[in-house]
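Dropping structure-v1.txt in here (compact mmCIF, C-alpha atoms and all ligand atoms):
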```txt
# COMPACT_ATOMS: atom_id res chain seq x y z
CA MET Q 1 104.31 23.44 152.49
CA GLY Q 2 107.47 21.39 153.16
CA PRO Q 3 110.47 21.19 150.85
CA ILE Q 4 109.96 19.87 147.30
CA ARG Q 5 111.03 16.20 147.26
CA VAL Q 6 113.22 15.54 144.22
CA ALA Q 7 114.41 12.48 142.25
CA LEU Q 8 117.35 13.33 139.96
CA LEU Q 9 118.02 11.00 137.02
CA GLY Q 10 121.49 11.45 135.50
CA SER Q 11 123.04 13.09 138.56
CA GLY Q 12 126.66 12.51 137.44
CA GLY Q 13 126.43 14.36 134.11
CA SER Q 14 126.80 18.02 133.20
CA ILE Q 15 123.17 18.96 133.92
CA GLY Q 16 123.00 16.50 136.82
CA ARG Q 17 125.94 18.05 138.67
CA GLN Q 18 124.61 21.58 138.09
CA THR Q 19 121.23 20.44 139.43
CA VAL Q 20 122.97 19.10 142.55
CA ASP Q 21 124.58 22.52 142.93
CA VAL Q 22 121.18 24.26 142.77
CA LEU Q 23 119.66 21.75 145.20
CA THR Q 24 122.47 22.04 147.75
CA ARG Q 25 122.36 25.85 147.68
CA ASN Q 26 118.69 25.75 148.71
CA PRO Q 27 118.47 23.12 151.47
CA ASP Q 28 115.24 24.57 152.88
CA ALA Q 29 113.48 24.49 149.51
CA PHE Q 30 114.43 20.94 148.42
CA ARG Q 31 114.87 17.46 149.82
CA VAL Q 32 116.74 15.04 147.53
CA VAL Q 33 115.01 11.67 147.81
CA ALA Q 34 116.60 9.75 144.94
CA LEU Q 35 119.66 9.96 142.69
CA ALA Q 36 120.56 7.87 139.65
CA THR Q 37 123.53 7.88 137.35
CA GLY Q 38 125.05 5.57 134.75
CA SER Q 39 128.59 4.54 135.61
CA GLN Q 40 130.24 7.17 137.82
CA GLY Q 41 130.14 5.41 141.18
CA GLN Q 42 132.54 7.81 142.86
CA ILE Q 43 130.46 10.88 142.00
CA LEU Q 44 127.31 9.09 143.16
CA GLU Q 45 128.98 8.20 146.47
CA GLU Q 46 130.02 11.84 147.03
CA GLN Q 47 126.54 13.09 146.14
CA ALA Q 48 124.93 10.50 148.43
CA ARG Q 49 127.17 11.52 151.34
CA ARG Q 50 126.28 15.19 150.78
CA LEU Q 51 122.54 14.87 150.03
CA LYS Q 52 121.60 11.73 152.02
CA PRO Q 53 119.01 10.43 149.53
CA VAL Q 54 116.72 7.59 150.54
CA ALA Q 55 117.55 5.60 147.39
CA VAL Q 56 120.07 5.63 144.54
CA SER Q 57 120.78 3.59 141.44
CA LEU Q 58 123.87 3.05 139.31
CA ALA Q 59 123.20 1.46 135.91
CA ASP Q 60 126.68 -0.10 135.71
CA VAL Q 61 126.14 -3.30 137.69
CA ARG Q 62 129.81 -3.98 138.47
CA ALA Q 63 130.41 -0.43 139.70
CA ALA Q 64 127.16 -0.65 141.70
CA ALA Q 65 128.48 -3.71 143.58
CA ARG Q 66 131.45 -1.62 144.81
CA LEU Q 67 129.40 1.40 145.98
CA ASP Q 68 130.03 2.66 149.50
CA LEU Q 69 126.78 4.39 150.50
CA PRO Q 70 125.90 6.22 153.71
CA ALA Q 71 123.64 4.47 156.22
CA GLY Q 72 119.99 4.96 155.29
CA THR Q 73 120.58 5.09 151.52
CA GLU Q 74 119.20 2.07 149.67
CA LEU Q 75 120.64 0.86 146.34
CA ILE Q 76 117.99 0.08 143.71
CA GLY Q 77 119.07 -2.21 140.88
CA GLY Q 78 117.56 -3.83 137.82
CA PRO Q 79 116.26 -2.58 134.48
CA ASP Q 80 113.33 -0.71 136.10
CA ALA Q 81 115.47 1.20 138.61
CA LEU Q 82 114.77 4.65 137.11
CA THR Q 83 111.03 3.99 137.09
CA VAL Q 84 111.13 2.74 140.68
CA LEU Q 85 112.92 5.92 141.78
CA ALA Q 86 110.78 8.30 139.69
CA THR Q 87 107.46 6.91 140.92
CA ARG Q 88 108.25 6.67 144.65
CA SER Q 89 105.38 7.97 146.77
CA ASP Q 90 107.76 10.39 148.54
CA VAL Q 91 108.85 12.08 145.27
CA ASP Q 92 107.11 15.29 144.09
CA LEU Q 93 109.34 16.27 141.18
CA VAL Q 94 111.61 14.30 138.85
CA VAL Q 95 114.56 16.00 137.13
CA VAL Q 96 115.59 14.28 133.90
CA ALA Q 97 119.28 14.88 133.16
CA THR Q 98 120.03 11.69 131.25
CA GLY Q 99 120.80 11.63 127.52
CA GLY Q 100 119.05 9.62 124.80
CA LEU Q 101 115.91 7.61 125.49
CA VAL Q 102 117.21 6.03 128.71
CA ALA Q 103 114.60 7.78 130.86
CA LEU Q 104 111.57 7.85 128.53
CA ARG Q 105 109.82 4.90 130.21
CA SER Q 106 110.34 6.39 133.67
CA VAL Q 107 109.13 9.84 132.52
CA LEU Q 108 105.87 8.31 131.30
CA ALA Q 109 105.51 6.34 134.54
CA ALA Q 110 106.24 9.44 136.65
CA LEU Q 111 103.57 11.46 134.83
CA GLU Q 112 101.11 8.55 135.15
CA ALA Q 113 101.85 8.65 138.90
CA GLY Q 114 101.14 12.41 139.03
CA LYS Q 115 104.73 13.65 139.46
CA ILE Q 116 106.03 16.92 138.06
CA VAL Q 117 108.80 16.31 135.51
CA ALA Q 118 111.53 18.90 134.83
CA THR Q 119 113.49 17.80 131.78
CA ALA Q 120 116.77 18.88 130.23
CA ASN Q 121 116.52 15.84 128.01
CA LYS Q 122 115.20 16.79 124.57
CA GLU Q 123 114.97 13.25 123.27
CA THR Q 124 112.04 12.49 125.58
CA LEU Q 125 109.93 14.99 123.62
CA VAL Q 126 111.57 14.69 120.20
CA ALA Q 127 110.85 10.95 120.02
CA GLY Q 128 108.10 10.62 122.60
CA GLY Q 129 106.20 13.92 122.49
CA HIS Q 130 103.07 12.14 121.21
CA LEU Q 131 103.18 9.88 124.31
CA VAL Q 132 104.19 12.48 126.89
CA MET Q 133 101.97 15.46 126.01
CA PRO Q 134 98.56 13.76 126.38
CA LEU Q 135 99.54 12.73 129.95
CA VAL Q 136 100.66 16.27 130.70
CA ALA Q 137 97.44 17.74 129.28
CA ARG Q 138 95.41 15.37 131.46
CA LEU Q 139 97.31 16.40 134.60
CA ALA Q 140 96.86 20.10 133.80
CA ALA Q 141 93.14 19.67 133.13
CA GLY Q 142 92.82 17.75 136.42
CA ALA Q 143 94.54 20.56 138.33
CA ALA Q 144 92.39 23.20 136.64
CA GLY Q 145 89.25 21.26 137.59
CA ALA Q 146 90.39 20.59 141.16
CA THR Q 147 91.44 24.19 141.88
CA GLY Q 148 88.76 25.90 139.73
CA ASP Q 149 91.54 28.33 138.75
CA LYS Q 150 92.78 28.25 135.14
CA HIS Q 151 95.71 30.47 136.17
CA HIS Q 152 96.92 28.04 138.85
CA PRO Q 153 100.58 27.09 138.08
CA LEU Q 154 99.62 23.41 137.72
CA ALA Q 155 96.63 24.17 135.46
CA SER Q 156 99.11 24.67 132.60
CA PRO Q 157 100.89 21.74 130.89
CA LEU Q 158 104.15 23.61 131.57
CA GLY Q 159 103.49 23.31 135.30
CA TRP Q 160 103.84 19.52 134.91
CA LEU Q 161 106.43 19.20 132.17
CA ARG Q 162 108.99 21.89 132.84
CA PRO Q 163 111.71 22.55 130.27
CA ILE Q 164 115.28 23.02 131.48
CA ASP Q 165 116.80 23.63 128.04
CA SER Q 166 117.69 27.34 128.23
CA GLU Q 167 115.82 28.21 125.02
CA HIS Q 168 112.63 26.48 126.10
CA SER Q 169 112.88 27.89 129.59
CA ALA Q 170 113.16 31.35 127.99
CA ILE Q 171 110.05 30.79 125.86
CA TRP Q 172 108.20 29.45 128.89
CA GLN Q 173 109.12 32.56 130.89
CA CYS Q 174 107.96 34.80 128.00
CA LEU Q 175 104.62 32.97 127.88
CA VAL Q 176 103.73 33.32 131.57
CA GLY Q 177 100.49 35.31 131.70
CA GLU Q 178 99.91 35.10 127.92
CA GLU Q 179 97.14 33.31 126.02
CA HIS Q 180 98.13 30.65 123.48
CA ALA Q 181 96.10 32.43 120.77
CA ALA Q 182 98.35 35.49 121.15
CA ILE Q 183 101.46 33.60 119.95
CA GLU Q 184 102.53 34.46 116.39
CA ARG Q 185 105.97 32.84 116.24
CA LEU Q 186 108.64 31.34 118.48
CA LEU Q 187 112.19 32.63 117.98
CA LEU Q 188 114.79 30.09 119.10
CA THR Q 189 118.20 31.67 119.46
CA ALA Q 190 121.42 29.79 118.68
CA SER Q 191 124.97 30.90 119.40
CA GLY Q 192 126.01 29.43 116.06
CA GLY Q 193 128.68 27.33 117.79
CA PRO Q 194 132.43 27.45 117.12
CA PHE Q 195 132.04 27.36 113.31
CA LEU Q 196 129.68 30.27 112.88
CA ASN Q 197 131.89 31.87 110.21
CA ALA Q 198 133.42 28.70 108.74
CA THR Q 199 133.08 27.93 105.02
CA VAL Q 200 131.78 24.59 103.70
CA ALA Q 201 135.40 23.68 102.89
CA ASP Q 202 136.52 24.55 106.47
CA LEU Q 203 133.76 22.34 107.88
CA ALA Q 204 135.05 19.31 105.95
CA THR Q 205 138.24 19.26 108.03
CA VAL Q 206 136.84 20.04 111.49
CA THR Q 207 138.43 17.99 114.29
CA PRO Q 208 136.67 16.80 117.49
CA GLU Q 209 138.97 19.07 119.55
CA ALA Q 210 137.87 22.15 117.59
CA ALA Q 211 134.20 21.15 117.71
CA LEU Q 212 134.35 20.68 121.47
CA ARG Q 213 135.46 24.31 121.99
CA HIS Q 214 132.05 25.99 122.40
CA PRO Q 215 132.33 29.79 122.52
CA THR Q 216 129.70 30.51 125.21
CA TRP Q 217 128.35 27.37 126.94
CA ARG Q 218 130.07 24.61 128.97
CA MET Q 219 128.13 21.39 128.28
CA GLY Q 220 128.56 17.62 127.95
CA ALA Q 221 130.43 16.43 124.80
CA LYS Q 222 127.30 15.21 122.94
CA THR Q 223 125.45 18.51 123.38
CA THR Q 224 128.56 20.51 122.45
CA ILE Q 225 128.99 18.65 119.14
CA ASP Q 226 125.25 19.00 118.48
CA SER Q 227 125.68 22.75 118.96
CA ALA Q 228 128.54 22.82 116.45
CA THR Q 229 126.44 21.05 113.77
CA LEU Q 230 123.24 22.91 114.79
CA ALA Q 231 121.55 19.48 115.14
CA ASN Q 232 120.88 20.66 118.67
CA LYS Q 233 118.79 23.57 117.39
CA GLY Q 234 116.96 21.23 115.04
CA LEU Q 235 116.03 18.98 117.96
CA GLU Q 236 114.92 22.08 119.87
CA ILE Q 237 112.50 23.02 117.07
CA ILE Q 238 110.78 19.64 117.49
CA GLU Q 239 110.91 19.94 121.29
CA ALA Q 240 109.29 23.41 121.09
CA ARG Q 241 106.57 22.17 118.76
CA TRP Q 242 105.47 19.69 121.44
CA LEU Q 243 105.93 21.90 124.49
CA TYR Q 244 104.12 24.96 123.14
CA ASP Q 245 101.73 23.37 120.62
CA VAL Q 246 103.04 25.61 117.84
CA ALA Q 247 103.44 24.49 114.20
CA ILE Q 248 107.02 23.82 113.07
CA SER Q 249 106.51 26.43 110.33
CA ASP Q 250 105.93 29.02 113.10
CA ILE Q 251 109.27 28.37 114.80
CA SER Q 252 112.33 30.31 113.57
CA VAL Q 253 115.98 29.95 114.45
CA VAL Q 254 117.92 33.20 114.94
CA ILE Q 255 121.70 33.17 115.28
CA HIS Q 256 122.76 35.26 118.27
CA PRO Q 257 126.48 34.78 119.03
CA GLN Q 258 126.48 36.40 122.50
CA SER Q 259 124.02 33.82 123.99
CA VAL Q 260 122.43 36.51 126.15
CA VAL Q 261 118.93 36.41 124.63
CA HIS Q 262 117.98 32.80 125.35
CA SER Q 263 114.93 32.89 123.04
CA ALA Q 264 111.89 35.02 122.38
CA VAL Q 265 108.20 34.95 121.48
CA GLN Q 266 106.62 37.15 118.85
CA PHE Q 267 102.96 37.93 119.54
CA VAL Q 268 100.11 38.72 117.15
CA ASP Q 269 100.43 42.46 117.80
CA GLY Q 270 104.06 42.40 116.65
CA SER Q 271 105.48 42.68 120.17
CA ILE Q 272 108.44 40.45 120.95
CA LYS Q 273 109.18 39.29 124.49
CA ALA Q 274 112.61 37.82 125.16
CA GLN Q 275 114.34 36.37 128.21
CA LEU Q 276 117.93 37.45 128.82
CA GLY Q 277 120.41 35.91 131.20
CA THR Q 278 123.99 34.79 131.67
CA PRO Q 279 124.74 31.52 129.86
CA ASP Q 280 124.59 29.36 133.00
CA MET Q 281 122.34 26.30 133.07
CA ARG Q 282 121.80 26.65 136.82
CA LEU Q 283 119.36 29.48 136.02
CA PRO Q 284 116.87 27.46 133.91
CA ILE Q 285 117.39 24.42 136.18
CA GLN Q 286 116.43 26.49 139.20
CA TYR Q 287 113.43 28.10 137.46
CA ALA Q 288 112.08 24.64 136.59
CA LEU Q 289 112.44 23.61 140.23
CA THR Q 290 110.92 26.72 141.80
CA TYR Q 291 108.28 27.79 139.21
CA PRO Q 292 106.27 29.99 139.59
CA ASP Q 293 108.61 31.48 142.21
CA ARG Q 294 112.12 32.81 141.70
CA LEU Q 295 115.04 32.46 144.10
CA ALA Q 296 118.41 34.23 144.13
CA SER Q 297 120.76 32.43 141.75
CA PRO Q 298 124.54 31.93 141.61
CA ALA Q 299 124.35 32.68 137.88
CA GLY Q 300 124.04 36.43 138.48
CA ALA Q 301 122.48 38.97 136.13
CA VAL Q 302 123.75 40.03 132.71
CA ASP Q 303 125.55 43.35 132.70
CA LEU Q 304 123.95 44.91 129.62
CA ILE Q 305 126.42 47.80 129.57
CA ALA Q 306 129.34 45.36 129.58
CA VAL Q 307 127.72 43.29 126.81
CA GLY Q 308 127.36 46.53 124.80
CA HIS Q 309 125.52 45.14 121.79
CA LEU Q 310 123.48 42.11 120.81
CA ASP Q 311 123.82 40.67 117.29
CA PHE Q 312 121.27 38.62 115.35
CA ARG Q 313 121.41 36.99 111.94
CA ALA Q 314 119.66 34.29 109.93
CA ALA Q 315 120.71 30.64 110.27
CA ASP Q 316 122.46 29.19 107.21
CA GLU Q 317 120.91 25.81 106.43
CA GLU Q 318 123.30 25.30 103.48
CA ARG Q 319 126.35 25.18 105.73
CA PHE Q 320 124.47 23.56 108.61
CA PRO Q 321 122.13 21.04 106.93
CA CYS Q 322 121.31 19.30 110.25
CA LEU Q 323 118.88 22.14 110.89
CA ARG Q 324 116.94 21.44 107.67
CA ILE Q 325 117.07 17.67 108.20
CA ALA Q 326 115.67 18.02 111.73
CA ARG Q 327 112.91 20.38 110.60
CA GLU Q 328 111.90 17.88 107.89
CA ALA Q 329 112.03 15.00 110.39
CA GLY Q 330 109.78 16.98 112.75
CA LEU Q 331 107.28 17.51 109.94
CA ALA Q 332 107.44 13.83 108.92
CA GLY Q 333 106.36 12.67 112.39
CA PRO Q 334 107.54 10.80 115.50
CA ARG Q 335 109.24 7.89 113.70
CA ALA Q 336 111.38 10.24 111.64
CA SER Q 337 112.17 12.35 114.73
CA ALA Q 338 113.07 9.23 116.70
CA ALA Q 339 115.33 8.03 113.86
CA LEU Q 340 116.98 11.46 113.87
CA ILE Q 341 117.95 11.37 117.54
CA SER Q 342 119.08 7.74 117.50
CA ALA Q 343 121.23 8.35 114.40
CA ASP Q 344 122.61 11.54 115.92
CA GLU Q 345 123.70 9.73 119.08
CA VAL Q 346 125.78 7.32 116.98
CA ALA Q 347 126.97 10.00 114.53
CA VAL Q 348 128.35 12.17 117.34
CA ALA Q 349 130.02 9.19 119.04
CA ARG Q 350 131.58 8.15 115.72
CA PHE Q 351 132.77 11.72 115.00
CA LEU Q 352 134.41 11.89 118.44
CA ALA Q 353 136.01 8.48 117.89
CA GLY Q 354 137.33 9.52 114.46
CA SER Q 355 135.32 7.14 112.26
CA LEU Q 356 133.04 9.82 110.76
CA GLY Q 357 133.93 13.30 109.49
CA PHE Q 358 132.08 16.44 110.61
CA ASN Q 359 130.17 16.63 107.31
CA GLY Q 360 129.40 12.93 107.65
CA ILE Q 361 127.09 13.75 110.57
CA PRO Q 362 124.35 15.42 108.45
CA ARG Q 363 124.77 12.77 105.74
CA LEU Q 364 124.16 10.01 108.28
CA LEU Q 365 121.20 11.85 109.86
CA GLY Q 366 119.60 12.41 106.45
CA ALA Q 367 120.04 8.76 105.50
CA ALA Q 368 118.54 7.50 108.76
CA VAL Q 369 115.53 9.82 108.59
CA GLU Q 370 114.93 8.83 104.98
CA ARG Q 371 115.22 5.11 105.68
CA PHE Q 372 113.32 4.82 108.95
CA GLY Q 373 111.02 7.80 109.06
CA ALA Q 374 109.91 9.31 105.83
CA ALA Q 375 107.47 6.61 104.70
CA HIS Q 376 105.86 6.02 108.10
CA ARG Q 377 103.58 8.57 109.67
CA ALA Q 378 101.92 6.32 112.27
CA GLU Q 379 102.73 7.22 115.88
CA PRO Q 380 104.88 4.49 117.50
CA GLY Q 381 104.20 3.21 121.01
CA LEU Q 382 106.91 3.09 123.66
CA ASP Q 383 108.15 -0.43 122.90
CA GLU Q 384 108.18 0.34 119.19
CA LEU Q 385 110.28 3.43 119.86
CA ILE Q 386 112.79 1.45 121.90
CA ALA Q 387 113.01 -1.19 119.13
CA LEU Q 388 113.41 1.53 116.48
CA ASP Q 389 116.20 3.10 118.54
CA ALA Q 390 118.13 -0.21 118.48
CA GLU Q 391 117.50 -0.67 114.74
CA VAL Q 392 118.71 2.84 113.88
CA HIS Q 393 121.80 2.38 116.09
CA THR Q 394 122.76 -0.74 114.11
CA PHE Q 395 122.21 1.08 110.79
CA ALA Q 396 124.19 4.14 111.94
CA GLU Q 397 127.13 2.10 113.26
CA ALA Q 398 127.47 0.39 109.86
CA TYR Q 399 126.86 3.54 107.75
CA ARG Q 400 129.70 4.39 105.35
N1 LIG Q 501 124.76 20.03 129.15
C1 LIG Q 501 123.95 21.03 128.89
O1 LIG Q 501 124.30 22.19 129.12
C2 LIG Q 501 122.58 20.78 128.32
C3 LIG Q 501 121.80 21.88 128.00
C4 LIG Q 501 120.49 21.65 127.55
C5 LIG Q 501 120.01 20.36 127.42
N2 LIG Q 501 120.82 19.30 127.71
C6 LIG Q 501 120.27 17.95 127.56
O2 LIG Q 501 120.31 17.33 128.83
C7 LIG Q 501 120.57 15.94 128.71
C8 LIG Q 501 121.81 15.60 129.53
O3 LIG Q 501 122.90 16.33 129.00
P1 LIG Q 501 124.33 16.36 129.69
O4 LIG Q 501 125.16 17.27 128.88
O5 LIG Q 501 124.19 16.58 131.14
O6 LIG Q 501 124.80 14.84 129.42
P2 LIG Q 501 125.94 14.01 130.15
O7 LIG Q 501 126.93 14.91 130.78
O8 LIG Q 501 126.39 13.00 129.18
O9 LIG Q 501 125.13 13.28 131.34
C9 LIG Q 501 124.24 12.22 131.13
C10 LIG Q 501 123.94 11.55 132.45
O10 LIG Q 501 123.09 10.42 132.23
C11 LIG Q 501 123.61 9.33 133.00
N3 LIG Q 501 123.13 8.04 132.52
C12 LIG Q 501 123.43 7.38 131.39
N4 LIG Q 501 122.80 6.18 131.37
C13 LIG Q 501 122.08 6.10 132.52
C14 LIG Q 501 121.21 5.13 133.09
N5 LIG Q 501 120.94 3.98 132.47
N6 LIG Q 501 120.66 5.39 134.29
C15 LIG Q 501 120.91 6.55 134.93
N7 LIG Q 501 121.72 7.51 134.44
C16 LIG Q 501 122.30 7.28 133.25
C17 LIG Q 501 125.10 9.51 132.89
O11 LIG Q 501 125.73 8.73 133.88
P3 LIG Q 501 127.32 8.51 134.01
O12 LIG Q 501 127.99 9.78 133.62
O13 LIG Q 501 127.46 8.17 135.45
O14 LIG Q 501 127.68 7.36 133.12
C18 LIG Q 501 125.18 11.01 133.15
O15 LIG Q 501 125.04 11.27 134.52
C19 LIG Q 501 120.73 15.66 127.21
O16 LIG Q 501 119.52 15.21 126.68
C20 LIG Q 501 121.05 17.05 126.63
O17 LIG Q 501 120.60 17.21 125.30
C21 LIG Q 501 122.09 19.49 128.17
```
Would you encode the structure as C-alpha cells?
Ligand SMILES: NC(=O)c1ccc[n+]([C@@H]2O[C@H](COP(=O)([O-])OP(=O)(O)OC[C@H]3O[C@@H](n4cnc5c(N)ncnc54)[C@H](OP(=O)(O)O)[C@@H]3O)[C@@H](O)[C@H]2O)c1
Amino acid sequence: MGPIRVALLGSGGSIGRQTVDVLTRNPDAFRVVALATGSQGQILEEQARRLKPVAVSLADVRAAARLDLPAGTELIGGPDALTVLATRSDVDLVVVATGGLVALRSVLAALEAGKIVATANKETLVAGGHLVMPLVARLAAGAAGATGDKHHPLASPLGWLRPIDSEHSAIWQCLVGEEHAAIERLLLTASGGPFLNATVADLATVTPEAALRHPTWRMGAKTTIDSATLANKGLEIIEARWLYDVAISDISVVIHPQSVVHSAVQFVDGSIKAQLGTPDMRLPIQYALTYPDRLASPAGAVDLIAVGHLDFRAADEERFPCLRIAREAGLAGPRASAALISADEVAVARFLAGSLGFNGIPRLLGAAVERFGAAHRAEPGLDELIALDAEVHTFAEAYR
C-alpha cells in the first residue's frame, strides 16, 4: 500500500491549516494531490510550495490570476473546480474543510466516484444528509460484498464518510466493534461556550468580541459564535442523526465545561463508552485520515490527574433556544434543516458586523425555519437545496 492520496477542500481555513499540519507531519502516510481554498492566495502558495500538489484551485478569480505556483502544480478554475479536484482518478480521500454548502456538490460527486470523504463540514449532512447517506450506504454494501467481511473498515458507512467534528469522531470511536442494535442513546458533549453561566439579561448585551472568546477551543469565527449560541450543538444533533442512524429523540446534549470528554454512547445494558482527549482538532482530523489505524499525534494525551475532575450538567434550552430550534428543524426534515444552516450563516455574519444582537440570532433562525421549512416535508434535490440556500440568505439579510 502506498501513501493515501488526499484532496483538501478549504485548505486555508482553521480546519484546513490543521489538516495540512497533520499531513506534513506524516509524509510517508499521505501524498497531497489537490488543495483548494477561497480567497487566501498567499496561504495557498505557501502550502503548494510545501506540499507540491498536482492541482490547486482558488475561488477568488482575481487572486487566482496572481498566484505564483511551483512548477508541476496546475491551477484549476471555474465553478466546478472543487468537483474536478475531488473526483480526480489519483485521489483516494477528500477532506472537506469548507463552510456552508460550498462543497456539497463535490462531496456527492466524490462519493459517486468511490472516494472516501472525511468531513469537518456539518452543513453537508445537516442539509444534504438525505442525498449523501444513500451513496455512503451503497459504497459500504459494495465493500462488504467485495471483501466478504462485514467487519472490514470500508464495510461500514463510517469507513466512507468519516466525521472530523470532535463530537462525532468521539461517537465513531466509541462505536468501533459495536452493533447498531446495542445503541441506546448518543450523548453529545458541549463546553457551554463563553456564556455558560450568563443570565438571559446578560445575553442581550453580548458583544462579538466576548462571543469570540471560546474557553476551550480555537476555531474559525463562525464556529466560535455557533458554540456561544449552542446553534453548533443543534447542528451536531442533526449531523449525528444522519451519521449514526439514530432518532433525534435518542440524542442528548450534556454540558461539560472542560471539553475533555468529546462525546459518549450509552448502550442498551446501561454501559457508557466515552472518548477523552485534549481539545485539539488535529486528533479527530488524523483519526479520520488513518482509520482504522492510529498514529502518534502532536495533540498529546490528557493528563487526568491534572484535570482533576470532570463536570456535567443539563443544557438549558431556555437561555440557549438555538438548541431547541435546531432539534425541531431536524425533526421537520431536510428543508427546515437547510433553512436553519443558511439562516445561521447570515445571522452570525450580521452579529459579527453589528447589525443583529446576540439574541437576534435565535429569533432569525426560528423565523427562517418556520417560513421555509415547517410546512414542507418533501426531500429537496441538490439544485433545490442550492436555490433554497439563496432564498433564505435574501430573507435573512432583510430580517428585522
Ligand atoms: N474550526 C473548527 O475547529 C471546527 C470544528 C468542527 C467542525 N468545523 C466545521 O468545519 C468547517 C470549516 O470550519 P473552519 O472553522 O475551518 O472555517 P474557516 O476557517 O472559515 O475555513 C473555511 C475554508 O473554506 C474556504 N472556502 C470558502 N469558499 C470556498 C470555495 N468556493 N472553494 C474553496 N474553498 C473555499 C475558505 O477559504 P479562504 O479562507 O481562502 O477564503 C477557508 O479555507 C465548518 O463547516 C465548521 O462547522 C470546524
- Could you name the residues that touch Q:Asp293 at 12 Å or less, counting all atoms listed in the file, but leaving out those on the same chain fewer than 2 positions away, as a list in words? Ala29, Pro153, Gly159, Gln173, Val176, Gln286, Tyr287, Ala288, Leu289, Thr290, Tyr291, Leu295 and Ala296 of chain Q
At a cut-off of 8 Å, can you tabulate as a Markdown table every residue of chain Q near ligand LIG 501 (chain Q) together with its closest atom pair and the distance in Å to one decimal, using all atoms listed in the file and ordering rows by chain then number?
```
| residue | atom | partner | partner_atom | distance |
| --- | --- | --- | --- | --- |
| Q:Leu9 | CA | Q:LIG501 | C15 | 5.7 |
| Q:Gly10 | CA | Q:LIG501 | O15 | 3.7 |
| Q:Ser11 | CA | Q:LIG501 | O15 | 4.9 |
| Q:Gly12 | CA | Q:LIG501 | O15 | 3.6 |
| Q:Gly13 | CA | Q:LIG501 | O9 | 3.2 |
| Q:Ser14 | CA | Q:LIG501 | O5 | 3.6 |
| Q:Ile15 | CA | Q:LIG501 | O5 | 3.8 |
| Q:Gly16 | CA | Q:LIG501 | O5 | 5.8 |
| Q:Arg17 | CA | Q:LIG501 | O5 | 7.9 |
| Q:Ala36 | CA | Q:LIG501 | C15 | 4.9 |
| Q:Thr37 | CA | Q:LIG501 | N7 | 3.4 |
| Q:Gly38 | CA | Q:LIG501 | O11 | 3.3 |
| Q:Ser39 | CA | Q:LIG501 | O13 | 3.8 |
| Q:Gln40 | CA | Q:LIG501 | O13 | 3.8 |
| Q:Gly41 | CA | Q:LIG501 | O13 | 6.9 |
| Q:Ile43 | CA | Q:LIG501 | O13 | 7.7 |
| Q:Leu44 | CA | Q:LIG501 | O13 | 7.8 |
| Q:Ser57 | CA | Q:LIG501 | C15 | 7.2 |
| Q:Leu58 | CA | Q:LIG501 | C15 | 6.3 |
| Q:Ala59 | CA | Q:LIG501 | N5 | 4.8 |
| Q:Asp60 | CA | Q:LIG501 | N5 | 7.8 |
| Q:Ala81 | CA | Q:LIG501 | N6 | 7.9 |
| Q:Leu82 | CA | Q:LIG501 | N6 | 6.6 |
| Q:Val96 | CA | Q:LIG501 | C7 | 7.4 |
| Q:Ala97 | CA | Q:LIG501 | C8 | 4.5 |
| Q:Thr98 | CA | Q:LIG501 | O10 | 3.5 |
| Q:Gly99 | CA | Q:LIG501 | O16 | 3.9 |
| Q:Gly100 | CA | Q:LIG501 | O16 | 5.9 |
| Q:Val102 | CA | Q:LIG501 | N5 | 5.7 |
| Q:Ala103 | CA | Q:LIG501 | N6 | 7.4 |
| Q:Thr119 | CA | Q:LIG501 | O2 | 7.4 |
| Q:Ala120 | CA | Q:LIG501 | O2 | 4.1 |
| Q:Asn121 | CA | Q:LIG501 | O16 | 3.3 |
| Q:Lys122 | CA | Q:LIG501 | O16 | 5.1 |
| Q:Glu123 | CA | Q:LIG501 | O16 | 6.0 |
| Q:Ile164 | CA | Q:LIG501 | C4 | 6.7 |
| Q:Asp165 | CA | Q:LIG501 | C4 | 4.2 |
| Q:Ser166 | CA | Q:LIG501 | C4 | 6.4 |
| Q:Trp217 | CA | Q:LIG501 | O1 | 6.9 |
| Q:Arg218 | CA | Q:LIG501 | O1 | 6.3 |
| Q:Met219 | CA | Q:LIG501 | N1 | 3.7 |
| Q:Gly220 | CA | Q:LIG501 | O4 | 3.5 |
| Q:Ala221 | CA | Q:LIG501 | O4 | 6.7 |
| Q:Lys222 | CA | Q:LIG501 | O4 | 6.6 |
| Q:Thr223 | CA | Q:LIG501 | O17 | 5.4 |
| Q:Thr224 | CA | Q:LIG501 | N1 | 7.7 |
| Q:Asn232 | CA | Q:LIG501 | O17 | 7.5 |
| Q:Met281 | CA | Q:LIG501 | O1 | 6.0 |
```
Atom pair atom CA of Q:Gly142 + atom CA of Q:Arg294, distance 25.0 Å
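Atom CA of Q:Asp250 to atom CA of Q:Pro279 spans 25.3 Å [interatomic distance, one decimal].
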Students should find that atom CA of Q:Asp226 and atom CA of Q:Asn197 are spaced 16.7 Å
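Summary of the local environment: counting only C-alpha atoms, residues at most 9 Å from Q:Gly114, other than itself and those fewer than 4 positions away along its chain, are Thr87, Asp92, Ala109, Ala110, Leu139 and Trp160 of chain Q.
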